[in-house]
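Colleague: Below is the file target-v5.txt, which contains compact mmCIF, C-alpha atoms.
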```txt
# COMPACT_ATOMS: atom_id res chain seq x y z
CA MET A 1074 -5.14 -74.50 26.99
CA ALA A 1075 -3.43 -72.63 24.17
CA VAL A 1076 -4.67 -73.21 20.66
CA ILE A 1077 -2.72 -75.80 18.67
CA GLN A 1078 -2.05 -74.71 15.09
CA ILE A 1079 -1.83 -77.51 12.55
CA LEU A 1080 -0.85 -76.92 8.92
CA TYR A 1081 -2.12 -78.99 6.00
CA PRO A 1082 -0.01 -77.54 3.14
CA ASP A 1083 -1.15 -79.83 0.31
CA VAL A 1084 -4.30 -81.59 1.46
CA LEU A 1085 -7.71 -80.22 0.57
CA SER A 1086 -10.69 -82.37 1.52
CA ALA A 1087 -14.10 -82.20 -0.10
CA ASP A 1088 -15.81 -81.98 3.30
CA ASP A 1089 -13.87 -78.98 4.69
CA HIS A 1090 -11.96 -81.37 6.97
CA ALA A 1091 -15.10 -82.44 8.78
CA VAL A 1092 -13.43 -85.70 9.80
CA GLU A 1093 -10.57 -83.84 11.46
CA ARG A 1094 -12.77 -81.22 13.08
CA ALA A 1095 -14.94 -83.93 14.64
CA ILE A 1096 -12.03 -85.28 16.70
CA SER A 1097 -9.90 -82.18 17.22
CA GLY A 1098 -11.86 -80.46 19.98
CA GLY A 1099 -11.97 -76.73 20.49
CA ASP A 1100 -8.26 -76.15 20.99
CA VAL A 1101 -7.07 -76.84 17.42
CA GLU A 1102 -6.83 -74.34 14.61
CA PHE A 1103 -6.33 -75.62 11.05
CA ALA A 1104 -4.48 -73.90 8.22
CA ILE A 1105 -5.54 -75.79 5.10
CA PHE A 1106 -4.02 -75.45 1.62
CA ASN A 1107 -3.74 -77.43 -1.59
CA GLU A 1108 -0.39 -76.17 -2.84
CA ARG A 1109 2.67 -77.60 -4.56
CA ASP A 1110 4.75 -74.46 -4.07
CA PRO A 1111 5.67 -73.63 -0.44
CA ASP A 1112 6.00 -69.95 -1.35
CA LYS A 1113 2.23 -69.81 -1.85
CA ILE A 1114 1.85 -70.19 1.93
CA SER A 1115 2.80 -67.23 4.12
CA SER A 1116 5.91 -67.33 6.27
CA THR A 1117 3.80 -66.65 9.37
CA ILE A 1118 1.75 -69.79 8.83
CA TRP A 1119 4.88 -71.85 8.31
CA SER A 1120 6.60 -70.48 11.40
CA ASP A 1121 3.57 -70.64 13.72
CA CYS A 1122 2.36 -74.19 13.06
CA GLN A 1123 3.10 -76.71 15.77
CA ALA A 1124 2.31 -79.72 13.63
CA MET A 1125 2.00 -80.46 9.93
CA VAL A 1126 0.07 -83.13 8.04
CA THR A 1127 1.36 -83.69 4.51
CA GLY A 1128 -0.03 -85.31 1.39
CA LEU A 1129 1.67 -86.06 -1.92
CA LEU A 1130 1.78 -82.72 -3.69
CA MET A 1131 4.53 -80.78 -1.92
CA PRO A 1132 8.02 -82.17 -1.25
CA ILE A 1133 9.00 -81.38 2.33
CA ASP A 1134 12.69 -80.78 1.80
CA ALA A 1135 15.32 -79.08 3.96
CA GLN A 1136 14.36 -75.66 2.63
CA VAL A 1137 10.73 -76.15 3.66
CA ILE A 1138 11.75 -77.57 7.03
CA SER A 1139 13.86 -74.46 7.71
CA ARG A 1140 10.60 -72.46 7.73
CA LEU A 1141 9.19 -74.51 10.60
CA VAL A 1142 10.06 -72.59 13.75
CA LYS A 1143 7.57 -74.06 16.23
CA CYS A 1144 6.74 -77.37 14.54
CA LYS A 1145 7.30 -80.50 16.63
CA ILE A 1146 5.84 -83.20 14.39
CA ILE A 1147 5.14 -83.92 10.73
CA ALA A 1148 2.57 -86.62 10.05
CA ARG A 1149 2.50 -88.15 6.58
CA LEU A 1150 -1.02 -88.76 5.35
CA GLY A 1151 -0.17 -92.28 4.21
CA VAL A 1152 2.51 -94.95 4.47
CA GLY A 1153 5.34 -93.71 2.24
CA TYR A 1154 7.44 -90.77 3.41
CA ASP A 1155 9.98 -90.51 0.58
CA MET A 1156 8.90 -86.91 -0.14
CA ILE A 1157 10.01 -85.79 3.34
CA ASP A 1158 13.64 -85.10 4.25
CA THR A 1159 13.51 -87.10 7.45
CA ALA A 1160 17.11 -86.35 8.42
CA ALA A 1161 16.66 -82.58 8.09
CA ALA A 1162 13.46 -82.80 10.11
CA GLY A 1163 15.15 -84.82 12.84
CA ASN A 1164 18.05 -82.42 13.05
CA ALA A 1165 15.52 -79.62 13.51
CA GLY A 1166 13.91 -81.52 16.39
CA ILE A 1167 10.84 -82.49 14.36
CA ALA A 1168 9.49 -86.04 14.55
CA VAL A 1169 8.25 -87.54 11.28
CA CYS A 1170 5.53 -90.15 11.54
CA ASN A 1171 3.48 -92.09 9.02
CA VAL A 1172 0.21 -94.01 9.15
CA PRO A 1173 1.15 -97.55 8.14
CA ASP A 1174 -2.04 -99.37 9.07
CA TYR A 1175 -4.99 -97.54 7.52
CA GLY A 1176 -5.28 -99.22 4.10
CA THR A 1177 -3.60 -102.59 4.47
CA ASN A 1178 -6.64 -104.52 3.30
CA GLU A 1179 -7.41 -102.19 0.41
CA VAL A 1180 -3.88 -102.33 -1.04
CA ALA A 1181 -3.66 -106.11 -0.70
CA ASP A 1182 -7.09 -106.46 -2.33
CA HIS A 1183 -6.01 -104.14 -5.15
CA ALA A 1184 -2.85 -106.16 -5.83
CA ILE A 1185 -4.86 -109.36 -6.15
CA ALA A 1186 -7.48 -107.56 -8.26
CA LEU A 1187 -4.82 -106.39 -10.72
CA LEU A 1188 -3.54 -109.96 -10.97
CA LEU A 1189 -7.08 -111.25 -11.52
CA SER A 1190 -7.67 -108.67 -14.24
CA PHE A 1191 -5.09 -110.57 -16.30
CA THR A 1192 -5.58 -114.17 -15.22
CA ARG A 1193 -9.34 -113.95 -15.76
CA GLY A 1194 -9.36 -111.25 -18.45
CA ILE A 1195 -12.45 -109.47 -17.17
CA PRO A 1196 -11.54 -105.92 -18.29
CA GLN A 1197 -10.64 -107.11 -21.79
CA TYR A 1198 -13.72 -109.31 -22.11
CA THR A 1199 -15.95 -106.42 -21.03
CA GLU A 1200 -14.38 -103.79 -23.26
CA THR A 1201 -14.11 -106.02 -26.33
CA TYR A 1202 -17.70 -107.22 -26.13
CA ARG A 1203 -18.99 -103.70 -25.55
CA THR A 1204 -17.04 -102.44 -28.58
CA ASP A 1205 -18.08 -105.25 -30.94
CA PRO A 1206 -20.89 -107.59 -29.79
CA ASP A 1207 -20.22 -110.00 -32.66
CA LYS A 1208 -16.42 -110.39 -32.70
CA GLY A 1209 -16.18 -109.58 -29.01
CA TRP A 1210 -18.09 -112.70 -27.92
CA ASP A 1211 -14.86 -114.70 -27.80
CA TYR A 1212 -13.33 -116.31 -24.73
CA LYS A 1213 -9.96 -116.84 -26.47
CA ILE A 1214 -8.93 -113.16 -26.68
CA THR A 1215 -7.17 -112.84 -23.31
CA PRO A 1216 -3.37 -113.27 -23.69
CA ALA A 1217 -2.51 -113.60 -19.98
CA MET A 1218 -5.26 -116.04 -18.99
CA THR A 1219 -3.94 -118.77 -16.72
CA ARG A 1220 -4.94 -120.94 -13.79
CA MET A 1221 -3.79 -119.38 -10.52
CA THR A 1222 -4.05 -122.49 -8.35
CA GLY A 1223 -0.66 -124.07 -7.88
CA LYS A 1224 1.25 -121.12 -9.33
CA CYS A 1225 4.00 -119.32 -7.39
CA PHE A 1226 2.98 -115.91 -6.06
CA GLY A 1227 6.18 -114.01 -5.34
CA ILE A 1228 6.12 -111.13 -2.86
CA ILE A 1229 8.87 -108.53 -2.62
CA GLY A 1230 8.45 -106.94 0.83
CA LEU A 1231 6.76 -108.90 3.60
CA GLY A 1232 5.47 -106.10 5.81
CA ARG A 1233 1.84 -105.52 6.74
CA ILE A 1234 0.58 -105.28 3.18
CA GLY A 1235 2.85 -107.97 1.79
CA THR A 1236 1.62 -110.32 4.51
CA ALA A 1237 -2.01 -109.48 3.75
CA ALA A 1238 -1.38 -110.15 0.06
CA ALA A 1239 0.24 -113.48 0.97
CA MET A 1240 -2.81 -114.58 2.91
CA ARG A 1241 -5.08 -113.71 -0.01
CA ALA A 1242 -2.86 -115.55 -2.48
CA LYS A 1243 -2.94 -118.64 -0.28
CA GLY A 1244 -6.73 -118.43 -0.35
CA PHE A 1245 -6.59 -118.74 -4.14
CA GLY A 1246 -4.50 -121.89 -3.82
CA MET A 1247 -1.21 -120.32 -4.83
CA ASN A 1248 2.17 -121.25 -3.42
CA VAL A 1249 3.62 -118.12 -1.83
CA MET A 1250 7.30 -117.15 -1.81
CA ALA A 1251 8.53 -113.92 -0.21
CA TYR A 1252 11.77 -111.98 -0.31
CA ASP A 1253 12.48 -109.47 2.44
CA PRO A 1254 15.92 -109.31 4.03
CA PHE A 1255 14.58 -107.15 6.87
CA VAL A 1256 12.01 -109.67 8.12
CA PRO A 1257 13.23 -111.99 10.92
CA TYR A 1258 13.95 -115.57 9.96
CA GLY A 1259 11.04 -117.77 10.95
CA GLN A 1260 8.35 -115.28 9.95
CA GLU A 1261 7.78 -117.34 6.82
CA LEU A 1262 7.19 -120.41 8.99
CA ALA A 1263 4.51 -118.60 10.98
CA LEU A 1264 2.75 -117.74 7.70
CA ASN A 1265 3.37 -121.18 6.16
CA ILE A 1266 5.03 -119.68 3.09
CA GLU A 1267 8.45 -120.12 1.47
CA ARG A 1268 11.30 -117.70 1.99
CA ALA A 1269 13.53 -116.57 -0.85
CA TYR A 1270 17.01 -115.93 0.48
CA ASN A 1271 17.89 -113.55 -2.33
CA LEU A 1272 15.99 -111.60 -4.96
CA ASP A 1273 17.26 -113.68 -7.86
CA GLU A 1274 15.74 -116.81 -6.33
CA LEU A 1275 12.31 -115.18 -6.26
CA LEU A 1276 12.65 -113.70 -9.75
CA ARG A 1277 13.44 -117.02 -11.41
CA THR A 1278 10.76 -118.93 -9.49
CA ALA A 1279 7.65 -116.73 -9.32
CA ASP A 1280 4.87 -116.89 -11.91
CA PHE A 1281 3.41 -113.71 -10.44
CA ILE A 1282 5.35 -110.96 -8.65
CA SER A 1283 3.71 -108.40 -6.35
CA ILE A 1284 5.77 -105.51 -4.96
CA HIS A 1285 5.21 -104.27 -1.40
CA THR A 1286 8.37 -102.43 -0.38
CA PRO A 1287 8.89 -98.79 0.61
CA ALA A 1288 10.65 -96.39 -1.76
CA THR A 1289 14.22 -96.05 -0.49
CA GLU A 1290 17.71 -95.76 -1.95
CA LEU A 1291 17.90 -99.56 -1.77
CA THR A 1292 14.67 -100.12 -3.69
CA TYR A 1293 15.04 -97.38 -6.33
CA HIS A 1294 14.65 -99.10 -9.71
CA LEU A 1295 14.79 -102.48 -8.01
CA ILE A 1296 12.86 -103.62 -11.06
CA ASN A 1297 15.19 -102.76 -13.95
CA GLN A 1298 16.47 -104.24 -17.18
CA ASP A 1299 18.72 -106.68 -15.31
CA THR A 1300 16.10 -107.92 -12.83
CA VAL A 1301 13.47 -108.21 -15.57
CA SER A 1302 15.87 -110.42 -17.55
CA LYS A 1303 16.08 -112.76 -14.55
CA MET A 1304 12.33 -113.18 -14.22
CA LYS A 1305 10.47 -116.26 -15.33
CA PRO A 1306 9.40 -115.65 -18.97
CA GLY A 1307 5.77 -114.54 -19.12
CA VAL A 1308 5.67 -113.36 -15.49
CA ILE A 1309 2.81 -111.14 -14.38
CA LEU A 1310 4.12 -108.12 -12.46
CA VAL A 1311 2.06 -105.99 -10.06
CA ASN A 1312 3.19 -102.82 -8.28
CA THR A 1313 0.95 -101.19 -5.68
CA ALA A 1314 3.86 -99.89 -3.58
CA ARG A 1315 5.79 -96.91 -4.98
CA GLY A 1316 6.50 -95.76 -8.52
CA PRO A 1317 10.30 -95.29 -8.23
CA ILE A 1318 10.74 -98.99 -7.43
CA CYS A 1319 10.07 -99.85 -11.07
CA ASP A 1320 11.96 -98.52 -14.08
CA LEU A 1321 9.11 -97.93 -16.54
CA ASP A 1322 11.54 -98.29 -19.47
CA ALA A 1323 12.42 -101.79 -18.26
CA ILE A 1324 8.77 -102.73 -17.90
CA TYR A 1325 8.07 -101.47 -21.41
CA SER A 1326 10.98 -103.46 -22.83
CA GLY A 1327 9.93 -106.54 -20.87
CA LEU A 1328 6.38 -106.35 -22.16
CA LYS A 1329 7.55 -105.69 -25.70
CA SER A 1330 9.84 -108.74 -25.69
CA GLY A 1331 7.35 -110.98 -23.89
CA GLN A 1332 9.65 -111.50 -20.91
CA ILE A 1333 6.88 -109.84 -18.89
CA GLY A 1334 3.54 -111.39 -19.78
CA ALA A 1335 1.49 -108.61 -18.20
CA ALA A 1336 1.97 -105.69 -15.83
CA GLY A 1337 -0.50 -103.97 -13.52
CA LEU A 1338 0.70 -100.67 -12.08
CA ASP A 1339 -1.05 -98.50 -9.53
CA VAL A 1340 1.98 -96.27 -8.98
CA PHE A 1341 4.34 -94.44 -11.31
CA ASP A 1342 7.31 -92.11 -11.30
CA PRO A 1343 6.35 -89.35 -11.87
CA GLU A 1344 2.64 -89.23 -11.08
CA PRO A 1345 0.64 -88.96 -13.19
CA PRO A 1346 2.94 -90.81 -15.60
CA ASP A 1347 4.40 -89.12 -18.65
CA VAL A 1348 1.71 -89.49 -21.33
CA ASN A 1349 4.45 -89.55 -23.97
CA HIS A 1350 6.29 -92.50 -22.49
CA PRO A 1351 6.38 -95.33 -25.07
CA LEU A 1352 4.44 -97.65 -22.78
CA MET A 1353 1.68 -95.13 -22.17
CA LEU A 1354 1.52 -94.25 -25.88
CA ALA A 1355 1.23 -97.91 -26.85
CA TRP A 1356 -1.45 -98.51 -24.23
CA ARG A 1357 -3.53 -95.45 -25.06
CA GLY A 1358 -3.06 -96.16 -28.75
CA ARG A 1359 -4.42 -99.68 -28.23
CA GLU A 1360 -1.47 -101.24 -29.99
CA ALA A 1361 -2.34 -104.87 -30.64
CA TRP A 1362 0.76 -106.36 -28.96
CA LEU A 1363 -0.18 -104.77 -25.61
CA GLU A 1364 -3.93 -105.43 -25.56
CA GLY A 1365 -4.93 -107.29 -22.39
CA ARG A 1366 -1.39 -107.13 -21.01
CA PHE A 1367 -1.23 -103.79 -19.21
CA ALA A 1368 -3.41 -102.14 -16.57
CA ALA A 1369 -2.97 -98.74 -14.95
CA THR A 1370 -4.83 -97.31 -11.96
CA PRO A 1371 -4.34 -93.80 -10.52
CA HIS A 1372 -2.51 -94.51 -7.24
CA ALA A 1373 -5.85 -95.74 -5.94
CA ALA A 1374 -4.94 -98.99 -4.20
CA PHE A 1375 -5.12 -97.37 -0.76
CA PHE A 1376 -8.55 -95.87 -1.23
CA SER A 1377 -11.96 -96.71 0.10
CA PRO A 1378 -14.27 -94.39 2.01
CA THR A 1379 -13.46 -96.37 5.15
CA SER A 1380 -9.68 -96.29 4.72
CA SER A 1381 -9.72 -92.59 3.88
CA LYS A 1382 -11.58 -91.72 7.08
CA ILE A 1383 -9.29 -93.88 9.21
CA LEU A 1384 -6.20 -92.36 7.59
CA ARG A 1385 -7.30 -88.81 8.28
CA GLU A 1386 -8.23 -89.60 11.87
CA LYS A 1387 -4.96 -91.40 12.62
CA ALA A 1388 -2.74 -88.76 11.04
CA LEU A 1389 -4.29 -86.01 13.14
CA GLN A 1390 -4.44 -88.12 16.29
CA THR A 1391 -0.74 -88.90 15.93
CA CYS A 1392 -0.02 -85.17 16.04
CA LEU A 1393 -2.34 -84.47 18.95
CA ASP A 1394 -1.05 -87.35 21.08
CA TYR A 1395 2.52 -86.12 20.68
CA LEU A 1396 1.77 -82.45 21.31
CA LYS A 1397 -0.55 -83.05 24.27
CA ASN A 1398 0.82 -86.21 25.88
CA ASN A 1399 4.31 -86.63 24.43
CA GLU A 1400 3.21 -89.99 23.01
CA LEU A 1401 5.05 -90.74 19.77
CA ARG A 1402 4.09 -93.61 17.46
CA ASN A 1403 5.14 -94.73 14.01
CA CYS A 1404 8.15 -92.40 14.07
CA VAL A 1405 10.28 -92.97 10.96
CA ASN A 1406 13.21 -90.66 11.78
CA ALA A 1407 14.05 -91.67 15.33
CA GLU A 1408 17.73 -92.12 14.44
CA HIS A 1409 17.94 -88.47 13.38
CA LEU A 1410 15.64 -86.93 15.98
CA VAL A 1411 17.29 -84.33 18.20
CA ILE A 1412 15.04 -83.31 21.07
```
Show me the file's structure as structure tokens.
Modeller:
Amino acid sequence: MAVIQILYPDVLSADDHAVERAISGGDVEFAIFNERDPDKISSTIWSDCQAMVTGLLMPIDAQVISRLVKCKIIARLGVGYDMIDTAAAGNAGIAVCNVPDYGTNEVADHAIALLLSFTRGIPQYTETYRTDPDKGWDYKITPAMTRMTGKCFGIIGLGRIGTAAAMRAKGFGMNVMAYDPFVPYGQELALNIERAYNLDELLRTADFISIHTPATELTYHLINQDTVSKMKPGVILVNTARGPICDLDAIYSGLKSGQIGAAGLDVFDPEPPDVNHPLMLAWRGREAWLEGRFAATPHAAFFSPTSSKILREKALQTCLDYLKNNELRNCVNAEHLVI
């Protein structure tokens, strides 16, 4: 059988892609790069690859797609695919697929962990006591401390991860409300949770809000000055989905005014976030008004050694199954795909 050439333009593993090589067999040849600029990769490599697995460094726009002469499939190494021009790929006869099921548990766990970091104050307790053993031995220093049992846990986006977060919230004794206009009616009954029929209903009801939607034109800056103003005063907001969903200026203003009690963000726009943004300056400067009310993690919600291995295996297997057996799964541009 002819050798299959697979391009990784912006994904460089620490193990020389040992995970991928273990399942690829002898008929796959990898071209592996860690680039942001497509011009750093030769035109021959672009034109000869039959499949591509992408990360988060290089936007795969129409100009990049025009270089793909033999490519039949692009697999996104993750869930979100907002950095890929799916329409341009489809018009070029290239299927775009994601891996939606590799880190469901990790992301849901991370969302709950960010919430717990405020409601139980563990990071602030630890840091304050380490800094000053005398004044730091004080249980009253956490501004967002609250009992979680009986509170309303609001979920925006009830897909795989949103559902997993809902089940965890129920385990903590919270009442769960979800807003997702794309989920069939009755799904909330199967999960024994409450459905919000519009976003405003969830915003005014939820004590805690956890975001689990994809980044699309519909969800861009879904959290903005207007939606923040409609939230329950003192709400705790968590975003482990995508950075562009939240307007960081609105979150800063909400925290400053007290409308948002605390915010835990794993994702930003851009990434890493602008270190000179007022929110990041206030946080890094340890301004007193923000202490214990903001947490940032480096787009890490998806990660564990187990999830990383599964992600890499599934992304490659998606390509191989399509090229070898014409089996296509998790295709996100079917409406544009011209074959």
Colleague: Would you tabulate, counting all atoms listed in the file, all residues of region 1094-1190 of chain A that have an atom at most 10 Å from an atom of region 1287-1296 of chain A, showing the closest pair of atoms and their distance in Å to one decimal, sorted by chain then ascending number, as a Markdown table?
Modeller:
```
| residue | atom | partner | partner_atom | distance |
| --- | --- | --- | --- | --- |
| A:Val1152 | CA | A:Pro1287 | CA | 8.4 |
| A:Gly1153 | CA | A:Pro1287 | CA | 6.4 |
| A:Tyr1154 | CA | A:Ala1288 | CA | 8.3 |
| A:Asp1155 | CA | A:Ala1288 | CA | 6.4 |
| A:Met1156 | CA | A:Ala1288 | CA | 9.8 |
```
Colleague: If you keep C-alpha atoms, can you produce a file of those selected residues as a PDB file, in the coordinates of the input?
Modeller:
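Ended up saving to part_6.pdb:
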```
ATOM      1  CA  VAL A1152       2.510 -94.950   4.470  1.00  0.00           C
ATOM      2  CA  GLY A1153       5.340 -93.710   2.240  1.00  0.00           C
ATOM      3  CA  TYR A1154       7.440 -90.770   3.410  1.00  0.00           C
ATOM      4  CA  ASP A1155       9.980 -90.510   0.580  1.00  0.00           C
ATOM      5  CA  MET A1156       8.900 -86.910  -0.140  1.00  0.00           C
TER       6      MET A1156
END
```
Colleague: Hey, which of A:Tyr1252, A:Phe1341, A:Tyr1258, A:Phe1226 ends up closest to Ala1369 (chain A)? Count only C-alpha atoms.
Modeller: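 Looking at the shortest contact to Ala1369 (chain A), the residue is A:Phe1341.
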Colleague: With distances taken over all atoms listed in the file, which residue among A:Leu1231, A:Val1092, A:Leu1321, A:Val1180 lies nearest Arg1385 (chain A)?
Modeller: A:Val1092
Colleague: In Å, with one decimal, what is the gap from CA of His1372 (chain A) to CA of Ala1239 (chain A)?
Modeller: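 About the pair CA of His1372 (chain A) and CA of Ala1239 (chain A): they are 20.9 Å apart.
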Colleague: My list of candidates is A:Glu1364, A:Ala1087, A:Glu1344, A:Phe1375. Which is closest to Tyr1198 (chain A) when distances are computed with all atoms listed in the file?
Modeller: A:Glu1364
